[in-house]
Amino acid sequence: MLPLVQVERLTKVFGSVRALDGVTFEIAEGEWIAIMGPSGSGKTTLINILGGLDRPSSGSAVVAGQEIGALREDELTRYRAEKIGFIFQQYHLVPYLSALENVMLAQYFHSMTDESAAEESLRQVGLGHRLRHLPSQLSGGEQQRVAIARALINQPKLILADEPTGNVDEANEQIILDLLRALHAAGHTIAIVTHDPGIGRMTDRRIELAHGRLSQITAAASGRLF
Amino acid sequence: MFWRVLRRLFVASRGRLIIALVAVASGAAVTTALLNLQWDAERKLSAEFRTLGANVTILPRGATGQAAPADPLASPLENENVMARLAQATAANPVTAAPYLYVVAKVPQASHKEQDVIVAGTWLDESSRLTPWWKITGETIAARDDSAHCLIGSTAARQLGLSPGSPVTLQYAGRSATFTVGGVIHSGAEEDSQIFANLAAVQKLAGLEGRIGLVQLSVPGTPREIAAVVTRLTAALPDLEVRPVRQLAEAEGRLLGRMRGLIFAMVVLILGLTMLCVLASMAALAMERRRDVGLMKAIGGSMSRIVRIFLAEAGALGFVGGVAGYVLGIALSQWIGRRAFNVAIAVRPEVLPLVVALMVGVALAGALPLRLLGRVRPAEILRGE
């Protein structure tokens, strides 16, 4: 079976800075991988390219059969709406929409809203009792769970999580990681950017970047290097 | 979801939107007041011009239109039935009209001297409506068939030594007629040197029964409406010349044109200033919403869908502001009408759709900063946290 994600000699240059330099790897469908490395190693740049928020300077990134670099702006927008579920470190909820409306917003941009499906999505992340609350009325962990529900509502092919536990307390961190584990168990493909080695060990493989280059790929369970 | 997001946007940004709404409503109010006043002011200005006297003259074809031709027998005379034809032609929109026959009669003086004086035979009831600026000392003549009395201009009265109640005998071509002076006219114009008497009596004096020299009319309405009446009369009276009083028509047209131009310029200025106010508010809103727009694009929101929400917000602002401003503007125009012109200004419902359309257009134009949000690059915005 073809991998869901195929990245080959991916390079991204910002001015004189090579944020990514010839990165090559694959992600199989249903796999949970961690993208790790020190600050400035290119993790967020990589995840932005996989998510269609940015374009490569050279090389290729193919996700679910679509070459990211070849997509027009409107095609990238559809790609993000249909194929990707984003979970940001800062949650990035719309502050004047309720938890339910934030999830429905993703439905609206995808196709049509379905309030009952959005409610169910929030119940699955344990927020069935907080549907009408604004983000300002939710804790950091609750906001991140709303973001997870939003990321899942359109049945994405690939979930991209950029430091999803970076801004939550320990208790909520555990809740979020349990959610991600459950998603993985359900067959979702997840790529998570993290500094935390503990989170890295939870995944199937770790992709480590240094100065924009792929330094190593490790199978988390066996510790085998690729 | 579209309306939900729109409602939330209004609530979330109500501070800035209220400022923009006040700007739009103010612009709409002033625009409404100006347009309302213009419509009524044109009518009232035209009515004021009507008080300056006749604005249309009907003459024999080729006539010079002078009131006192040197030789009245040399000028072609019209049959009096022109008045019946005129009444028929203006039945739908009646006008004030009076026939005139001018002759130069002689007034015998003491010591066998004679004084020439211009005598106008006319329908004195109608001619008084054509000359509302006349000040008359003594009695006016209200009855059209009063052939016993006459009105005399103040200059003629002084020269002839006449006053109200004085008898005056007019002589023409061996015929004479005697009247009693009813009142003395003070017009400040050439009428002060003339005598005005019953048409039939003057026709008899001149030996021109049933004949008149010209007809003067006061046609109400705007210059365009007056021109339409002139065209209708020209068609209805092809053997006669229907001539607008050029000086009055030109003066009225110039004044109305300048008024329209001034109001148009003011409306454009108001709209421009309103748009700038909206632009300022929307620019501030755009800065506040960059992150939200970046997020919407990141989760798959297309530029057209996102911008459509913001444009709907601006359009709603223009609509609500336009309607509110229209109501305020009506009140403003009423107040200006009473305070400045001492008249009641009529409410013009046709101004409402025009003002609302203008304000929606202004609001959409002022929402340019929000439209530019479509160019936001989500990766840059979300990275800048």
# chains A, B, ... in the order shown; residues from 1 in each chain; ligands from 1
>>> interface_residues(of="chain A", to="chain B", cutoff="6 Å", atoms="only C-alpha atoms", output="VMD selection string")
chain A and resid 53 77 80 to 81 109
>>> write_last_selection(atoms="N, CA and C atoms", output="mmCIF file, in the first residue's frame")
data_model
loop_
_atom_site.group_PDB
_atom_site.id
_atom_site.type_symbol
_atom_site.label_atom_id
_atom_site.label_comp_id
_atom_site.auth_asym_id
_atom_site.auth_seq_id
_atom_site.Cartn_x
_atom_site.Cartn_y
_atom_site.Cartn_z
ATOM 1 N N LEU A 53 -0.163 24.893 4.667
ATOM 2 C CA LEU A 53 -0.089 26.302 5.061
ATOM 3 C C LEU A 53 1.105 26.995 4.426
ATOM 4 N N THR A 77 -6.594 25.464 -0.192
ATOM 5 C CA THR A 77 -7.673 25.704 0.769
ATOM 6 C C THR A 77 -8.573 24.482 0.875
ATOM 7 N N ARG A 80 -6.769 21.699 2.755
ATOM 8 C CA ARG A 80 -6.794 21.884 4.211
ATOM 9 C C ARG A 80 -8.164 21.540 4.788
ATOM 10 N N ALA A 81 -9.222 21.932 4.068
ATOM 11 C CA ALA A 81 -10.572 21.685 4.567
ATOM 12 C C ALA A 81 -10.895 20.191 4.580
ATOM 13 N N PHE A 109 -16.722 25.522 6.527
ATOM 14 C CA PHE A 109 -15.722 25.730 5.482
ATOM 15 C C PHE A 109 -15.512 24.475 4.637
#
>>> residues_around(residues="Arg130 of chain A", least_positions_apart="6", cutoff="12 Å", atoms="only C-alpha atoms", output="PyMOL selection string")
chain A and resi 98-101+119+122-123+136-139+142-143+145-146
>>> closest_residue(among="A:Gly30, A:Thr194, A:His110, A:Arg201", to="Ala182 of chain A", atoms="only C-alpha atoms")
A:Gly30
>>> select_by_dssp(residues="segment 83-123 of chain A", states="strand (DSSP E or B)", output="JSON, numbers by chain")
{"A": [84, 85, 86, 87]}
>>> write_last_selection(atoms="C-alpha atoms", output="PDB file, in the first residue's frame")
ATOM      1  CA  ILE A  84      -6.057  17.925   7.238  1.00  0.00           C
ATOM      2  CA  GLY A  85      -6.988  18.340  10.877  1.00  0.00           C
ATOM      3  CA  PHE A  86      -4.836  20.923  12.624  1.00  0.00           C
ATOM      4  CA  ILE A  87      -4.212  21.083  16.376  1.00  0.00           C
TER       5      ILE A  87
END
>>> residues_around(residues="Ile185 of chain B", least_positions_apart="4", cutoff="6 Å", atoms="only C-alpha atoms", output="compact mmCIF listing (two decimals) with N, CA, C and O atoms, in the first residue's frame")
# COMPACT_ATOMS: atom_id res chain seq x y z
N LYS B 135 -48.56 97.28 -5.05
CA LYS B 135 -49.18 97.85 -3.84
C LYS B 135 -50.20 98.88 -4.32
O LYS B 135 -49.86 99.78 -5.08
N ILE B 136 -51.42 98.75 -3.85
CA ILE B 136 -52.50 99.61 -4.35
C ILE B 136 -53.04 100.41 -3.18
O ILE B 136 -53.45 99.86 -2.15
N ILE B 152 -54.80 103.34 -11.69
CA ILE B 152 -53.85 104.23 -12.34
C ILE B 152 -52.50 104.10 -11.64
O ILE B 152 -52.43 103.99 -10.40
N GLY B 153 -51.44 104.08 -12.43
CA GLY B 153 -50.10 104.02 -11.86
C GLY B 153 -49.77 105.30 -11.13
O GLY B 153 -50.27 106.39 -11.47
N SER B 154 -48.88 105.19 -10.14
CA SER B 154 -48.60 106.33 -9.27
C SER B 154 -47.98 107.49 -10.05
O SER B 154 -48.27 108.67 -9.77
>>> select_by_dssp(residues="segment 107-314 of chain B", states="helix (DSSP H, G or I)", output="VMD selection string")
chain B and resid 110 to 112 124 to 130 154 to 160 190 to 193 199 to 206 223 to 236 246 to 298 303 to 314
>>> residues_around(residues="Val125 of chain A", least_positions_apart="2", cutoff="10 Å", atoms="only C-alpha atoms", output="compact mmCIF listing (two decimals) with C-alpha atoms, in the first residue's frame")
# COMPACT_ATOMS: atom_id res chain seq x y z
CA GLU A 120 -21.22 14.48 19.33
CA SER A 121 -17.65 15.42 18.44
CA LEU A 122 -17.44 17.59 21.55
CA ARG A 123 -19.02 14.89 23.70
CA LEU A 127 -17.08 18.58 26.57
CA GLY A 128 -20.73 17.73 26.09
CA GLU A 142 -10.75 22.41 27.48
CA GLN A 144 -7.37 22.32 23.31
CA ARG A 145 -10.03 19.60 23.41
CA VAL A 146 -12.36 21.87 21.43
CA ALA A 147 -9.51 22.28 18.93
CA ILE A 148 -9.17 18.50 18.74
CA ALA A 149 -12.90 18.12 18.12
CA ILE A 175 -6.40 13.93 28.89
CA ILE A 176 -5.15 15.20 25.53
CA ASP A 178 -5.27 9.86 26.01
CA LEU A 179 -7.41 11.37 23.25
>>> atom_distance(atom1="atom CA of Val56 of chain B", atom2="atom CA of His149 of chain B")
27.6 Å
>>> residues_around(residues="Leu158 of chain A", least_positions_apart="4", cutoff="8 Å", atoms="only C-alpha atoms", output="JSON, numbers by chain")
{"A": [83, 84, 85, 188, 189, 190, 191]}
>>> write_last_selection(atoms="C-alpha atoms", output="compact mmCIF listing (two decimals), in the first residue's frame")
# COMPACT_ATOMS: atom_id res chain seq x y z
CA LYS A 83 -7.61 16.26 4.19
CA ILE A 84 -6.06 17.93 7.24
CA GLY A 85 -6.99 18.34 10.88
CA HIS A 188 -6.11 7.92 12.40
CA THR A 189 -2.77 9.03 10.97
CA ILE A 190 -1.12 11.53 13.30
CA ALA A 191 2.03 13.64 13.05
>>> residues_around(residues="segment 334-341 of chain B", least_positions_apart="4", cutoff="12 Å", atoms="only C-alpha atoms", output="short mmCIF file (atom, residue, chain, number, x, y, z; two decimals) with all heavy atoms, in the first residue's frame")
data_model
loop_
_atom_site.label_atom_id
_atom_site.label_comp_id
_atom_site.auth_asym_id
_atom_site.auth_seq_id
_atom_site.Cartn_x
_atom_site.Cartn_y
_atom_site.Cartn_z
N ALA B 29 -28.33 60.95 7.31
CA ALA B 29 -29.25 62.00 7.77
C ALA B 29 -29.04 63.29 6.98
O ALA B 29 -30.01 63.91 6.51
CB ALA B 29 -29.04 62.26 9.27
N VAL B 30 -27.80 63.70 6.83
CA VAL B 30 -27.53 64.95 6.11
C VAL B 30 -27.91 64.80 4.63
O VAL B 30 -28.50 65.70 4.03
CB VAL B 30 -26.05 65.35 6.25
CG1 VAL B 30 -25.74 66.58 5.42
CG2 VAL B 30 -25.72 65.62 7.72
N THR B 32 -30.17 62.78 3.38
CA THR B 32 -31.64 62.78 3.31
C THR B 32 -32.18 64.20 3.40
O THR B 32 -33.06 64.60 2.63
CB THR B 32 -32.22 61.93 4.44
OG1 THR B 32 -31.77 60.59 4.30
CG2 THR B 32 -33.74 61.95 4.41
N ALA B 33 -31.66 64.95 4.37
CA ALA B 33 -32.15 66.32 4.56
C ALA B 33 -31.90 67.15 3.31
O ALA B 33 -32.78 67.88 2.84
CB ALA B 33 -31.48 66.95 5.77
N LEU B 34 -30.71 67.03 2.73
CA LEU B 34 -30.38 67.81 1.53
C LEU B 34 -31.27 67.43 0.36
O LEU B 34 -31.80 68.30 -0.35
CB LEU B 34 -28.91 67.60 1.15
CG LEU B 34 -27.87 68.29 2.04
CD1 LEU B 34 -26.48 67.85 1.67
CD2 LEU B 34 -28.01 69.79 1.95
N ASN B 36 -34.22 65.95 0.45
CA ASN B 36 -35.59 66.33 0.76
C ASN B 36 -35.81 67.82 0.54
O ASN B 36 -36.79 68.26 -0.05
CB ASN B 36 -35.90 65.96 2.21
CG ASN B 36 -37.22 65.25 2.34
OD1 ASN B 36 -37.59 64.48 1.46
ND2 ASN B 36 -37.92 65.49 3.43
N LEU B 37 -34.85 68.60 1.03
CA LEU B 37 -34.95 70.06 0.89
C LEU B 37 -34.87 70.46 -0.57
O LEU B 37 -35.57 71.36 -1.01
CB LEU B 37 -33.82 70.74 1.68
CG LEU B 37 -34.02 70.80 3.20
CD1 LEU B 37 -32.74 71.22 3.88
CD2 LEU B 37 -35.15 71.76 3.54
N GLN B 38 -34.00 69.76 -1.32
CA GLN B 38 -33.83 70.13 -2.73
C GLN B 38 -35.14 69.97 -3.48
O GLN B 38 -35.55 70.84 -4.23
CB GLN B 38 -32.75 69.27 -3.38
CG GLN B 38 -32.46 69.68 -4.81
CD GLN B 38 -31.97 68.55 -5.67
OE1 GLN B 38 -31.66 67.48 -5.15
NE2 GLN B 38 -31.88 68.76 -6.96
N TRP B 39 -35.80 68.83 -3.25
CA TRP B 39 -37.05 68.57 -3.95
C TRP B 39 -38.07 69.68 -3.64
O TRP B 39 -38.68 70.23 -4.52
CB TRP B 39 -37.64 67.22 -3.51
CG TRP B 39 -37.57 66.17 -4.54
CD1 TRP B 39 -38.31 66.09 -5.67
CD2 TRP B 39 -36.72 65.02 -4.56
NE1 TRP B 39 -37.96 64.97 -6.39
CE2 TRP B 39 -37.00 64.29 -5.74
CE3 TRP B 39 -35.73 64.54 -3.71
CZ2 TRP B 39 -36.34 63.11 -6.07
CZ3 TRP B 39 -35.07 63.38 -4.04
CH2 TRP B 39 -35.38 62.68 -5.20
N ASP B 40 -38.21 69.95 -2.34
CA ASP B 40 -39.19 70.96 -1.95
C ASP B 40 -38.71 72.35 -2.31
O ASP B 40 -39.51 73.20 -2.72
CB ASP B 40 -39.45 70.86 -0.44
CG ASP B 40 -40.83 70.33 -0.15
OD1 ASP B 40 -41.63 70.21 -1.11
OD2 ASP B 40 -41.11 70.03 1.02
N ALA B 41 -37.42 72.61 -2.15
CA ALA B 41 -36.89 73.95 -2.41
C ALA B 41 -37.11 74.33 -3.87
O ALA B 41 -37.44 75.48 -4.17
CB ALA B 41 -35.41 74.00 -2.06
N LYS B 44 -40.65 75.35 -4.17
CA LYS B 44 -40.94 76.61 -3.49
C LYS B 44 -40.24 77.77 -4.21
O LYS B 44 -40.78 78.87 -4.29
CB LYS B 44 -40.51 76.52 -2.03
CG LYS B 44 -41.53 75.71 -1.25
CD LYS B 44 -41.11 75.34 0.13
CE LYS B 44 -42.22 74.65 0.92
NZ LYS B 44 -42.91 73.58 0.24
N LEU B 45 -39.06 77.52 -4.74
CA LEU B 45 -38.37 78.56 -5.50
C LEU B 45 -39.17 78.91 -6.75
O LEU B 45 -39.32 80.09 -7.10
CB LEU B 45 -36.98 78.05 -5.88
CG LEU B 45 -35.96 79.13 -6.25
CD1 LEU B 45 -35.68 80.02 -5.06
CD2 LEU B 45 -34.66 78.46 -6.71
N VAL B 327 -34.53 58.44 8.79
CA VAL B 327 -35.51 58.93 9.77
C VAL B 327 -35.02 60.23 10.40
O VAL B 327 -35.76 61.22 10.50
CB VAL B 327 -35.76 57.85 10.85
CG1 VAL B 327 -36.63 58.40 11.97
CG2 VAL B 327 -36.40 56.61 10.23
N LEU B 328 -33.73 60.24 10.78
CA LEU B 328 -33.15 61.46 11.37
C LEU B 328 -33.16 62.60 10.35
O LEU B 328 -33.42 63.75 10.70
CB LEU B 328 -31.72 61.19 11.83
CG LEU B 328 -31.56 60.28 13.04
CD1 LEU B 328 -30.09 59.91 13.23
CD2 LEU B 328 -32.10 60.95 14.29
N GLY B 329 -32.85 62.25 9.11
CA GLY B 329 -32.77 63.26 8.07
C GLY B 329 -34.12 63.92 7.78
O GLY B 329 -34.18 65.12 7.51
N ILE B 330 -35.18 63.13 7.85
CA ILE B 330 -36.52 63.70 7.65
C ILE B 330 -36.79 64.73 8.74
O ILE B 330 -37.27 65.84 8.48
CB ILE B 330 -37.58 62.59 7.66
CG1 ILE B 330 -37.44 61.70 6.42
CG2 ILE B 330 -38.98 63.18 7.75
CD1 ILE B 330 -37.71 62.40 5.12
N ILE B 345 -41.73 71.09 5.11
CA ILE B 345 -41.09 70.32 4.05
C ILE B 345 -41.79 68.97 3.98
O ILE B 345 -41.95 68.29 4.99
CB ILE B 345 -39.59 70.12 4.34
CG1 ILE B 345 -38.88 71.47 4.46
CG2 ILE B 345 -38.95 69.24 3.27
CD1 ILE B 345 -38.83 72.26 3.17
N ALA B 346 -42.20 68.60 2.77
CA ALA B 346 -42.91 67.33 2.61
C ALA B 346 -41.93 66.16 2.74
O ALA B 346 -40.77 66.27 2.39
CB ALA B 346 -43.58 67.28 1.23
N VAL B 347 -42.43 65.04 3.27
CA VAL B 347 -41.62 63.82 3.38
C VAL B 347 -41.58 63.15 2.02
O VAL B 347 -42.63 62.96 1.39
CB VAL B 347 -42.22 62.86 4.43
CG1 VAL B 347 -41.47 61.53 4.44
CG2 VAL B 347 -42.19 63.50 5.81
N ARG B 348 -40.40 62.82 1.54
CA ARG B 348 -40.23 62.19 0.23
C ARG B 348 -39.85 60.72 0.42
O ARG B 348 -38.69 60.41 0.65
CB ARG B 348 -39.11 62.88 -0.54
CG ARG B 348 -39.36 64.35 -0.76
CD ARG B 348 -40.18 64.58 -2.00
NE ARG B 348 -40.72 65.94 -2.01
CZ ARG B 348 -41.69 66.32 -2.81
NH1 ARG B 348 -42.24 65.46 -3.64
NH2 ARG B 348 -42.12 67.55 -2.78
#
>>> atom_distance(atom1="atom CA of Asp125 of chain B", atom2="atom CA of Val242 of chain B")
22.5 Å
>>> residues_around(residues="Ala314 of chain B", least_positions_apart="5", cutoff="9 Å", atoms="only C-alpha atoms", output="VMD selection string")
chain B and resid 282 309 319 360 363 to 367
>>> write_last_selection(atoms="C-alpha atoms", output="compact mmCIF listing (two decimals), in the first residue's frame")
# COMPACT_ATOMS: atom_id res chain seq x y z
CA MET B 282 -12.80 49.00 9.36
CA ILE B 309 -18.93 37.41 5.78
CA PHE B 319 -28.44 49.33 5.51
CA VAL B 360 -24.61 50.45 1.53
CA ALA B 363 -20.02 51.05 3.68
CA LEU B 364 -18.84 48.45 1.17
CA ALA B 365 -16.28 50.89 -0.23
CA GLY B 366 -15.12 51.70 3.30
CA ALA B 367 -14.75 47.98 4.02
>>> closest_residue(among="B:Leu6, B:Leu368, B:Ala23, B:Leu130", to="Ala283 of chain B", atoms="only C-alpha atoms")
B:Leu368
>>> closest_residue(among="B:Val104, B:Leu170, B:Val362, B:Leu237", to="Cys277 of chain B", atoms="only C-alpha atoms")
B:Val362
>>> closest_residue(among="A:Asn102, A:Thr24, A:Gln124, A:Gln90", to="Gln6 of chain A", atoms="only C-alpha atoms")
A:Thr24
>>> closest_residue(among="B:Ala98, B:Ala54, B:Ala87, B:Arg371", to="Glu313 of chain B", atoms="only C-alpha atoms")
B:Arg371
>>> decode(residues="segment 270-282 of chain B", atoms="all heavy atoms", output="JSON list (two decimals), in the first residue's frame")
[["chain", "number", "residue", "atom", "x", "y", "z"],
["B", 270, "ILE", "N", -20.25, 64.73, 1.65],
["B", 270, "ILE", "CA", -20.74, 63.97, 2.82],
["B", 270, "ILE", "C", -20.45, 62.48, 2.65],
["B", 270, "ILE", "O", -19.98, 61.81, 3.56],
["B", 270, "ILE", "CB", -22.26, 64.18, 3.00],
["B", 270, "ILE", "CG1", -22.58, 65.63, 3.30],
["B", 270, "ILE", "CG2", -22.83, 63.25, 4.07],
["B", 270, "ILE", "CD1", -22.20, 66.08, 4.67],
["B", 271, "LEU", "N", -20.72, 61.97, 1.45],
["B", 271, "LEU", "CA", -20.48, 60.54, 1.20],
["B", 271, "LEU", "C", -19.00, 60.21, 1.34],
["B", 271, "LEU", "O", -18.63, 59.18, 1.89],
["B", 271, "LEU", "CB", -20.99, 60.15, -0.19],
["B", 271, "LEU", "CG", -22.50, 60.18, -0.39],
["B", 271, "LEU", "CD1", -22.86, 59.82, -1.82],
["B", 271, "LEU", "CD2", -23.20, 59.24, 0.57],
["B", 272, "GLY", "N", -18.15, 61.11, 0.83],
["B", 272, "GLY", "CA", -16.72, 60.89, 0.94],
["B", 272, "GLY", "C", -16.24, 60.87, 2.38],
["B", 272, "GLY", "O", -15.47, 60.00, 2.79],
["B", 273, "LEU", "N", -16.75, 61.83, 3.16],
["B", 273, "LEU", "CA", -16.35, 61.89, 4.57],
["B", 273, "LEU", "C", -16.87, 60.66, 5.33],
["B", 273, "LEU", "O", -16.17, 60.10, 6.17],
["B", 273, "LEU", "CB", -16.90, 63.17, 5.21],
["B", 273, "LEU", "CG", -16.23, 64.47, 4.74],
["B", 273, "LEU", "CD1", -16.97, 65.67, 5.28],
["B", 273, "LEU", "CD2", -14.77, 64.50, 5.14],
["B", 274, "THR", "N", -18.08, 60.26, 5.02],
["B", 274, "THR", "CA", -18.65, 59.06, 5.67],
["B", 274, "THR", "C", -17.80, 57.84, 5.35],
["B", 274, "THR", "O", -17.49, 57.03, 6.23],
["B", 274, "THR", "CB", -20.10, 58.82, 5.20],
["B", 274, "THR", "OG1", -20.87, 59.99, 5.47],
["B", 274, "THR", "CG2", -20.72, 57.64, 5.92],
["B", 275, "MET", "N", -17.41, 57.73, 4.08],
["B", 275, "MET", "CA", -16.60, 56.58, 3.69],
["B", 275, "MET", "C", -15.28, 56.57, 4.43],
["B", 275, "MET", "O", -14.80, 55.51, 4.84],
["B", 275, "MET", "CB", -16.37, 56.59, 2.17],
["B", 275, "MET", "CG", -15.85, 55.26, 1.67],
["B", 275, "MET", "SD", -15.30, 55.35, -0.03],
["B", 275, "MET", "CE", -13.74, 56.13, 0.21],
["B", 276, "LEU", "N", -14.68, 57.75, 4.61],
["B", 276, "LEU", "CA", -13.41, 57.81, 5.34],
["B", 276, "LEU", "C", -13.58, 57.37, 6.79],
["B", 276, "LEU", "O", -12.73, 56.66, 7.34],
["B", 276, "LEU", "CB", -12.86, 59.24, 5.29],
["B", 276, "LEU", "CG", -12.24, 59.65, 3.96],
["B", 276, "LEU", "CD1", -11.84, 61.11, 3.98],
["B", 276, "LEU", "CD2", -11.04, 58.78, 3.61],
["B", 277, "CYS", "N", -14.69, 57.77, 7.41],
["B", 277, "CYS", "CA", -14.94, 57.35, 8.79],
["B", 277, "CYS", "C", -15.10, 55.84, 8.87],
["B", 277, "CYS", "O", -14.54, 55.18, 9.77],
["B", 277, "CYS", "CB", -16.22, 58.02, 9.33],
["B", 277, "CYS", "SG", -16.03, 59.75, 9.66],
["B", 278, "VAL", "N", -15.86, 55.29, 7.92],
["B", 278, "VAL", "CA", -16.07, 53.83, 7.90],
["B", 278, "VAL", "C", -14.74, 53.14, 7.66],
["B", 278, "VAL", "O", -14.40, 52.13, 8.30],
["B", 278, "VAL", "CB", -17.10, 53.44, 6.82],
["B", 278, "VAL", "CG1", -17.17, 51.93, 6.64],
["B", 278, "VAL", "CG2", -18.47, 54.00, 7.16],
["B", 279, "LEU", "N", -13.96, 53.71, 6.75],
["B", 279, "LEU", "CA", -12.64, 53.13, 6.42],
["B", 279, "LEU", "C", -11.76, 53.05, 7.66],
["B", 279, "LEU", "O", -11.08, 52.05, 7.91],
["B", 279, "LEU", "CB", -11.99, 54.00, 5.34],
["B", 279, "LEU", "CG", -10.78, 53.41, 4.61],
["B", 279, "LEU", "CD1", -11.24, 52.36, 3.64],
["B", 279, "LEU", "CD2", -10.04, 54.50, 3.87],
["B", 280, "ALA", "N", -11.76, 54.13, 8.45],
["B", 280, "ALA", "CA", -10.93, 54.15, 9.66],
["B", 280, "ALA", "C", -11.36, 53.07, 10.64],
["B", 280, "ALA", "O", -10.52, 52.35, 11.20],
["B", 280, "ALA", "CB", -11.03, 55.53, 10.32],
["B", 281, "SER", "N", -12.67, 52.94, 10.84],
["B", 281, "SER", "CA", -13.16, 51.90, 11.75],
["B", 281, "SER", "C", -12.84, 50.51, 11.23],
["B", 281, "SER", "O", -12.41, 49.63, 11.98],
["B", 281, "SER", "CB", -14.68, 52.02, 11.93],
["B", 281, "SER", "OG", -15.01, 53.19, 12.61],
["B", 282, "MET", "N", -13.02, 50.32, 9.95],
["B", 282, "MET", "CA", -12.80, 49.00, 9.36],
["B", 282, "MET", "C", -11.32, 48.65, 9.35],
["B", 282, "MET", "O", -10.95, 47.47, 9.47],
["B", 282, "MET", "CB", -13.36, 48.94, 7.92],
["B", 282, "MET", "CG", -14.86, 49.04, 7.87],
["B", 282, "MET", "SD", -15.65, 47.71, 8.79],
["B", 282, "MET", "CE", -17.35, 48.03, 8.49]]
